[in-house]
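Novice: To start, I am sharing the structure in question, which I have written as structure tokens.
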Protein chains: 2
Amino acid sequence: MAKVTLQTIADRLGVSRATVSYAFSRPDQLSDGLRRRIMEVADELGYAGPNPTARSLRLGRAGALGLLFSETLAYAFADPYAIGFFQGLATAAEDAGVGLLILPLPHGDRRSDTVRDAVVDAFCVMSLPDGHPALAEVLGRKLPVVVVDEPYVPGHPFLGIDEPAAAATAARHVLELGHRRIGVAMVGLHDDGHTGWADPARQEGAVFEAMRRRRAGYQLACEEAGIDWAGVPFYEVARNSREAGRRAGHALLGREPRPTAILTNTDVLALGVLDAAADLGLEVPGELSVMGFSDSAAEEAGLTTIRQAKQEMGAAAGRLLLSGGAAGPERLLFPYELVVRASTAAPPLRPDRP
Amino acid sequence: MAKVTLQTIADRLGVSRATVSYAFSRPDQLSDGLRRRIMEVADELGYAGPNPTARSLRLGRAGALGLLFSETLAYAFADPYAIGFFQGLATAAEDAGVGLLILPLPHGDRRSDTVRDAVVDAFCVMSLPDGHPALAEVLGRKLPVVVVDEPYVPGHPFLGIDEPAAAATAARHVLELGHRRIGVAMVGLHDDGHTGWADPARQEGAVFEAMRRRRAGYQLACEEAGIDWAGVPFYEVARNSREAGRRAGHALLGREPRPTAILTNTDVLALGVLDAAADLGLEVPGELSVMGFSDSAAEEAGLTTIRQAKQEMGAAAGRLLLSGGAAGPERLLFPYELVVRASTAAPPLRPDRP
DNA sequence: ATTAAGAACTTAATTGATTAAGAAAGACCG
DNA sequence: CGGTCTTTCTTAATCAATTAAGTTCTTAAT
């Protein structure tokens, strides 16, 4: 069964290839009879329809949006914040009738040309660490690009929130409740897989821009409140998982004196901190306040968090890309909102009652 | 700024197009000097690299796997079972260095050629209702296809579980606990958006094959236990959401006599039923037993459920497709497992104590 | 009868690459 | 010095379509 192309059908019927093409793409250009015969022969020969790649080449459009995410795909699909964004992006793609091509990052050493070979009309890049080679590859494609959260690339639309301000809002919430002994648990600062305490130098050297700035917001708010940041225990984890959050929670809650409030980076981490608190029999929010971030998994658990418009961001990214892209404003900052639920309260009066 | 192609660079340097192509795809065929000069000129002209579409056409491979899902994409991303499957599939795609092209279904009336135009090497079709036009389009592409869960397409590999057996296992669990007053809440039987009671005729006419068979398993187990299926209240919802589950729960729990056990179709629905029970102040599992399905959102809530190997299924689907596809066995049935947690127990002795 | 319009196809250029096979030139060897 | 290898590039076929412009042929109007 050799390959069947337009030409095969044309030859069989003694018509030109163009005629057969018209039968598929512009039926009104042909007489009914011929069109029907063409379709019959196509069927009979098992023709699979106009080759999409050839079509795409000729028409100069791919009909797909490329999506690049910092992590392995399995991980991306496990992150509620990413999922929320994907939903928005997918909806925009759907409305435009284009597909969403999820690209794996070159992982470890294996050379992968997925970015170079991706048949797409535009790229959406999300949460890449500073200087990641995939970003250069994307920019090299000279297609419309938007980047989400990080890193900021001059000349291309950026979508995100005012990270320092949002983080400061979160921190001020617990500070205003009266907390002075703060602990911080964060994920996604570096991509070296490190889990453990991070000193200020390491904190500031974070390769994920958004998280670096988020952390700066925490620091700012703390220092405004007269807290010495160097004395704030800061635990960094490598994965955004509940388990990692629990580990961070145990580390932080094992400090002497024990923090009365823990700021986190993501809701998932915060849930893990709650687990740790439960392990230790600590009452939340009575004995410990916990702040999430992103409002991606917070509601059920009653977590206080910063709500981000994930889906709106995704939809906006999609629309930007599908409408030609580059024209939009440089930096699109989305609103965020402090959502106070049941995981934060004033600190205990005599915190260390045993 | 006209378009820059291999030819542009070739002309500029007075070499042949082939030479420039070699500079990119097989650098060892060229002298170092020329290769370097080519790269310089490419850079200078802003060449975006070999056009992936043209490349794909010439090489006859797309470097992507197409994924088709029954629902809108936003919905798919909200379904933990689908997400789990995606994770597995994405991992397989990642390992092979290919992308995952998520395709929107033609939605409503809007004609969409996404399936016809998708630049992919194979398709994974998941959970399509009987007779959905998109399936015919996929098959028409004559590419390797696997279908997951439903519908079974003779001649193409199928991945799923033994639905009737798994469902019967779930039902027998509550029956063996002693329950006799069973209620059922299911989603995904029809795609007409209907929410409400479903009589046996409508149940059997479900257009989603897997769910139809799952339901049949419930019926079988009930009848084995001597329960008249016609008397089993059966509530159907249109969306797999917690809210829909709550609604179904209220409907079922409002019946007289009140069911002591509720079987559901998905964990998400079961969570909603738990919400309804909580609304009514019913103790679970003391006064009501609830069964989930798929183990996709069950753990935290302590839901008894049937565990499915979602990720393994996704990975297997990916591997099958990437290894040529059609060669595999016809029907790949994956293991399932009853996971008993805290949402099921023996029925109350005097069920209707007010 | 003549001409214009319309319908139904065909011609041929175009989309942007890859790659086997061939050619020209220099290197190496006896 | 003649022959054989290499290295370095070129030629030309190929991948599978789309579509503007041109050619027939028929039909209708003047």
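Ordering of the structure tokens sets the chain letters (A, B, ...), residue numbers begin anew at 1 in every chain, and ligands are numbered from 1 in the order given.
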For a quick test of understanding: name the residues of chain B lying within 9 Å of chain D when counting only C-alpha atoms (C1' of nucleotides), and present them as a short mmCIF file (atom, residue, chain, number, x, y, z; two decimals) with C-alpha atoms, in the first residue's frame.
Specialist:
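Resulting contents of out.cif:
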data_model
loop_
_atom_site.label_atom_id
_atom_site.label_comp_id
_atom_site.auth_asym_id
_atom_site.auth_seq_id
_atom_site.Cartn_x
_atom_site.Cartn_y
_atom_site.Cartn_z
CA VAL B 15 26.80 28.74 -2.16
CA SER B 16 24.06 26.23 -2.75
CA ALA B 18 22.14 22.28 0.23
CA THR B 19 25.34 23.57 1.72
CA GLN B 29 30.00 17.68 6.01
CA LEU B 30 31.33 21.19 5.73
CA SER B 31 34.63 22.91 6.23
CA ALA B 54 9.21 22.09 5.74
CA SER B 56 8.60 17.82 8.92
CA LEU B 57 7.24 17.49 5.41
CA ARG B 58 10.53 16.31 4.03
CA LEU B 59 11.28 13.96 6.90
CA GLY B 60 7.79 12.59 7.12
#
Novice: Would you give me, as a Markdown table, each residue of chain A having an atom within 6 Å of an atom of chain B, along with its shortest atom pair and that distance in Å to one decimal, using only C-alpha atoms and sorting by chain and residue number?
Specialist:
| residue | atom | partner | partner_atom | distance |
| --- | --- | --- | --- | --- |
| A:Ala48 | CA | B:Arg141 | CA | 4.7 |
| A:Pro52 | CA | B:Asp117 | CA | 4.8 |
| A:Thr53 | CA | B:Leu57 | CA | 5.6 |
| A:Leu57 | CA | B:Thr53 | CA | 5.6 |
| A:Leu73 | CA | B:Ala90 | CA | 5.7 |
| A:Ala74 | CA | B:Gln87 | CA | 4.4 |
| A:Gln87 | CA | B:Ala74 | CA | 4.3 |
| A:Ala90 | CA | B:Leu73 | CA | 5.7 |
| A:Thr91 | CA | B:Ala74 | CA | 6.0 |
| A:Glu94 | CA | B:Pro104 | CA | 5.4 |
| A:Gly99 | CA | B:Leu103 | CA | 4.7 |
| A:Leu100 | CA | B:Ile102 | CA | 5.0 |
| A:Leu101 | CA | B:Leu101 | CA | 4.1 |
| A:Ile102 | CA | B:Leu100 | CA | 5.0 |
| A:Leu103 | CA | B:Gly99 | CA | 4.7 |
| A:Pro104 | CA | B:Glu94 | CA | 5.4 |
| A:Asp117 | CA | B:Pro52 | CA | 4.8 |
| A:Val119 | CA | B:Pro52 | CA | 5.8 |
| A:Gly140 | CA | B:Ala48 | CA | 5.6 |
| A:Arg141 | CA | B:Ala48 | CA | 4.7 |
| A:Lys142 | CA | B:Ala48 | CA | 5.9 |
Novice: Per DSSP on the backbone, filter stretch 23-87 of chain B down to the residues in strand (DSSP E) and report them as a ChimeraX atom specification.
Specialist: /B:64-69
Novice: Write out the residues from the selection above, keeping N, CA and C atoms, as an mmCIF file, in the first residue's frame.
Specialist:
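The resulting file, selection_18.cif, is reproduced below:
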data_model
loop_
_atom_site.group_PDB
_atom_site.id
_atom_site.type_symbol
_atom_site.label_atom_id
_atom_site.label_comp_id
_atom_site.auth_asym_id
_atom_site.auth_seq_id
_atom_site.Cartn_x
_atom_site.Cartn_y
_atom_site.Cartn_z
ATOM 1 N N ALA B 64 5.119 14.928 17.163
ATOM 2 C CA ALA B 64 4.095 15.232 18.161
ATOM 3 C C ALA B 64 3.037 14.131 18.193
ATOM 4 N N LEU B 65 2.444 14.000 19.349
ATOM 5 C CA LEU B 65 1.350 13.066 19.568
ATOM 6 C C LEU B 65 0.076 13.879 19.730
ATOM 7 N N GLY B 66 -0.972 13.489 19.049
ATOM 8 C CA GLY B 66 -2.227 14.217 19.190
ATOM 9 C C GLY B 66 -3.079 13.617 20.285
ATOM 10 N N LEU B 67 -3.704 14.473 21.043
ATOM 11 C CA LEU B 67 -4.559 13.990 22.130
ATOM 12 C C LEU B 67 -5.943 14.584 21.989
ATOM 13 N N LEU B 68 -6.914 13.703 21.989
ATOM 14 C CA LEU B 68 -8.296 14.143 21.846
ATOM 15 C C LEU B 68 -9.088 13.695 23.055
ATOM 16 N N PHE B 69 -9.794 14.639 23.640
ATOM 17 C CA PHE B 69 -10.538 14.335 24.849
ATOM 18 C C PHE B 69 -11.977 14.769 24.668
#
Novice: Give me the residues of chain C that have any atom at most 12 Å from an atom of chain B; for each, the nearest atom pair and the distance in Å, rounded to one decimal. Use only C-alpha atoms (C1' of nucleotides), sort by chain and number, and format it as JSON lines.
Specialist:
{"residue": "C:DT15", "atom": "C1'", "partner": "B:Ala54", "partner_atom": "CA", "distance": 8.0}
{"residue": "C:DG16", "atom": "C1'", "partner": "B:Ala54", "partner_atom": "CA", "distance": 5.0}
{"residue": "C:DA17", "atom": "C1'", "partner": "B:Ala54", "partner_atom": "CA", "distance": 4.9}
{"residue": "C:DT18", "atom": "C1'", "partner": "B:Arg58", "partner_atom": "CA", "distance": 6.2}
{"residue": "C:DT19", "atom": "C1'", "partner": "B:Ala18", "partner_atom": "CA", "distance": 8.6}
{"residue": "C:DA20", "atom": "C1'", "partner": "B:Ala18", "partner_atom": "CA", "distance": 12.0}
Novice: How many Å separate atom CA of A:Glu236 from atom CA of A:Gly254?
Specialist: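 Taking atom CA of A:Glu236 and atom CA of A:Gly254, their separation equals 15.1 Å.
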Novice: Between atom CA of A:Asp121 and atom CA of A:Pro335, what is the spacing in Å?
Specialist: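 It comes out at 28.4 Å.
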Novice: State, in Å with one decimal place, the distance from atom CA of A:Lys310 to atom CA of A:Asp79.
Specialist: 12.0 Å
Novice: Going by DSSP on the backbone, which bits of stretch 13-107 of chain B are helix (DSSP H, G or I)? Write them as an MDAnalysis selection string, please.
Specialist: chainID B and resid 13 17:25 27:29 32:45 52:59 73:76 80:96
Novice: As a PyMOL selection string, please: the residues near B:Ile306 (cut-off 9 Å, only C-alpha atoms (C1' of nucleotides), same-chain neighbours under 2 positions excluded).
Specialist: chain B and resi 166-167+169-170+291-295+304+308+336-340
Novice: For the residues in that selection, give me C-alpha atoms as a PDB file, in the first residue's frame.
Specialist:
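Saved to out31.pdb:
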ATOM      1  CA  ALA B 166     -14.539  -3.124  38.560  1.00  0.00           C
ATOM      2  CA  ALA B 167     -17.943  -1.607  39.098  1.00  0.00           C
ATOM      3  CA  THR B 169     -16.398  -4.995  42.859  1.00  0.00           C
ATOM      4  CA  ALA B 170     -17.302  -1.560  44.116  1.00  0.00           C
ATOM      5  CA  MET B 291     -18.166   4.921  47.083  1.00  0.00           C
ATOM      6  CA  GLY B 292     -15.936   6.872  44.730  1.00  0.00           C
ATOM      7  CA  PHE B 293     -14.263   5.678  41.558  1.00  0.00           C
ATOM      8  CA  SER B 294     -10.789   6.097  40.048  1.00  0.00           C
ATOM      9  CA  ASP B 295      -8.892   7.129  43.176  1.00  0.00           C
ATOM     10  CA  THR B 304     -13.408   4.361  49.571  1.00  0.00           C
ATOM     11  CA  GLN B 308      -7.048   2.810  38.592  1.00  0.00           C
ATOM     12  CA  TYR B 336      -7.889  -1.964  39.376  1.00  0.00           C
ATOM     13  CA  GLU B 337      -8.153  -2.306  43.083  1.00  0.00           C
ATOM     14  CA  LEU B 338     -10.712  -1.694  45.757  1.00  0.00           C
ATOM     15  CA  VAL B 339      -9.304   0.763  48.264  1.00  0.00           C
ATOM     16  CA  VAL B 340     -11.312   0.791  51.439  1.00  0.00           C
TER      17      VAL B 340
END
Novice: If we count only C-alpha atoms (C1' of nucleotides) and set the cut-off at 7 Å, which residues sit around stretch 124-130 of chain B, ignoring sequence neighbours fewer than 5 positions away in its own chain? Please answer as a PDB file with N, CA and C atoms, in the first residue's frame.
Specialist:
ATOM      1  N   GLY B  66      -0.972  13.489  19.049  1.00  0.00           N
ATOM      2  CA  GLY B  66      -2.227  14.217  19.190  1.00  0.00           C
ATOM      3  C   GLY B  66      -3.079  13.617  20.285  1.00  0.00           C
ATOM      4  N   LEU B  67      -3.704  14.473  21.043  1.00  0.00           N
ATOM      5  CA  LEU B  67      -4.559  13.990  22.130  1.00  0.00           C
ATOM      6  C   LEU B  67      -5.943  14.584  21.989  1.00  0.00           C
ATOM      7  N   LEU B  68      -6.914  13.703  21.989  1.00  0.00           N
ATOM      8  CA  LEU B  68      -8.296  14.143  21.846  1.00  0.00           C
ATOM      9  C   LEU B  68      -9.088  13.695  23.055  1.00  0.00           C
ATOM     10  N   PHE B  69      -9.794  14.639  23.640  1.00  0.00           N
ATOM     11  CA  PHE B  69     -10.538  14.335  24.849  1.00  0.00           C
ATOM     12  C   PHE B  69     -11.977  14.769  24.668  1.00  0.00           C
ATOM     13  N   SER B  70     -12.870  14.126  25.387  1.00  0.00           N
ATOM     14  CA  SER B  70     -14.280  14.342  25.102  1.00  0.00           C
ATOM     15  C   SER B  70     -14.763  15.749  25.420  1.00  0.00           C
ATOM     16  N   VAL B 145      -3.535   4.889  16.107  1.00  0.00           N
ATOM     17  CA  VAL B 145      -4.507   5.412  17.063  1.00  0.00           C
ATOM     18  C   VAL B 145      -4.617   4.446  18.232  1.00  0.00           C
ATOM     19  N   VAL B 146      -4.635   4.960  19.424  1.00  0.00           N
ATOM     20  CA  VAL B 146      -5.093   4.136  20.543  1.00  0.00           C
ATOM     21  C   VAL B 146      -6.274   4.849  21.160  1.00  0.00           C
ATOM     22  N   VAL B 147      -7.200   4.058  21.646  1.00  0.00           N
ATOM     23  CA  VAL B 147      -8.304   4.697  22.339  1.00  0.00           C
ATOM     24  C   VAL B 147      -8.349   4.235  23.784  1.00  0.00           C
ATOM     25  N   VAL B 148      -8.649   5.186  24.626  1.00  0.00           N
ATOM     26  CA  VAL B 148      -8.612   4.963  26.058  1.00  0.00           C
ATOM     27  C   VAL B 148     -10.024   5.040  26.624  1.00  0.00           C
ATOM     28  N   ASP B 149     -10.383   4.027  27.356  1.00  0.00           N
ATOM     29  CA  ASP B 149     -11.668   3.959  28.068  1.00  0.00           C
ATOM     30  C   ASP B 149     -12.874   3.752  27.149  1.00  0.00           C
ATOM     31  N   GLU B 150     -12.989   4.605  26.148  1.00  0.00           N
ATOM     32  CA  GLU B 150     -14.116   4.453  25.251  1.00  0.00           C
ATOM     33  C   GLU B 150     -13.925   5.339  24.047  1.00  0.00           C
ATOM     34  N   PRO B 151     -14.533   5.070  22.916  1.00  0.00           N
ATOM     35  CA  PRO B 151     -15.240   3.823  22.617  1.00  0.00           C
ATOM     36  C   PRO B 151     -14.264   2.785  22.067  1.00  0.00           C
ATOM     37  N   VAL B 207     -24.400   6.995  25.965  1.00  0.00           N
ATOM     38  CA  VAL B 207     -23.544   7.028  24.771  1.00  0.00           C
ATOM     39  C   VAL B 207     -22.064   6.891  25.102  1.00  0.00           C
ATOM     40  N   PHE B 208     -21.737   6.949  26.372  1.00  0.00           N
ATOM     41  CA  PHE B 208     -20.353   6.706  26.751  1.00  0.00           C
ATOM     42  C   PHE B 208     -20.225   5.244  27.172  1.00  0.00           C
ATOM     43  N   GLU B 209     -19.517   4.529  26.332  1.00  0.00           N
ATOM     44  CA  GLU B 209     -19.465   3.076  26.480  1.00  0.00           C
ATOM     45  C   GLU B 209     -18.945   2.627  27.849  1.00  0.00           C
TER      46      GLU B 209
END
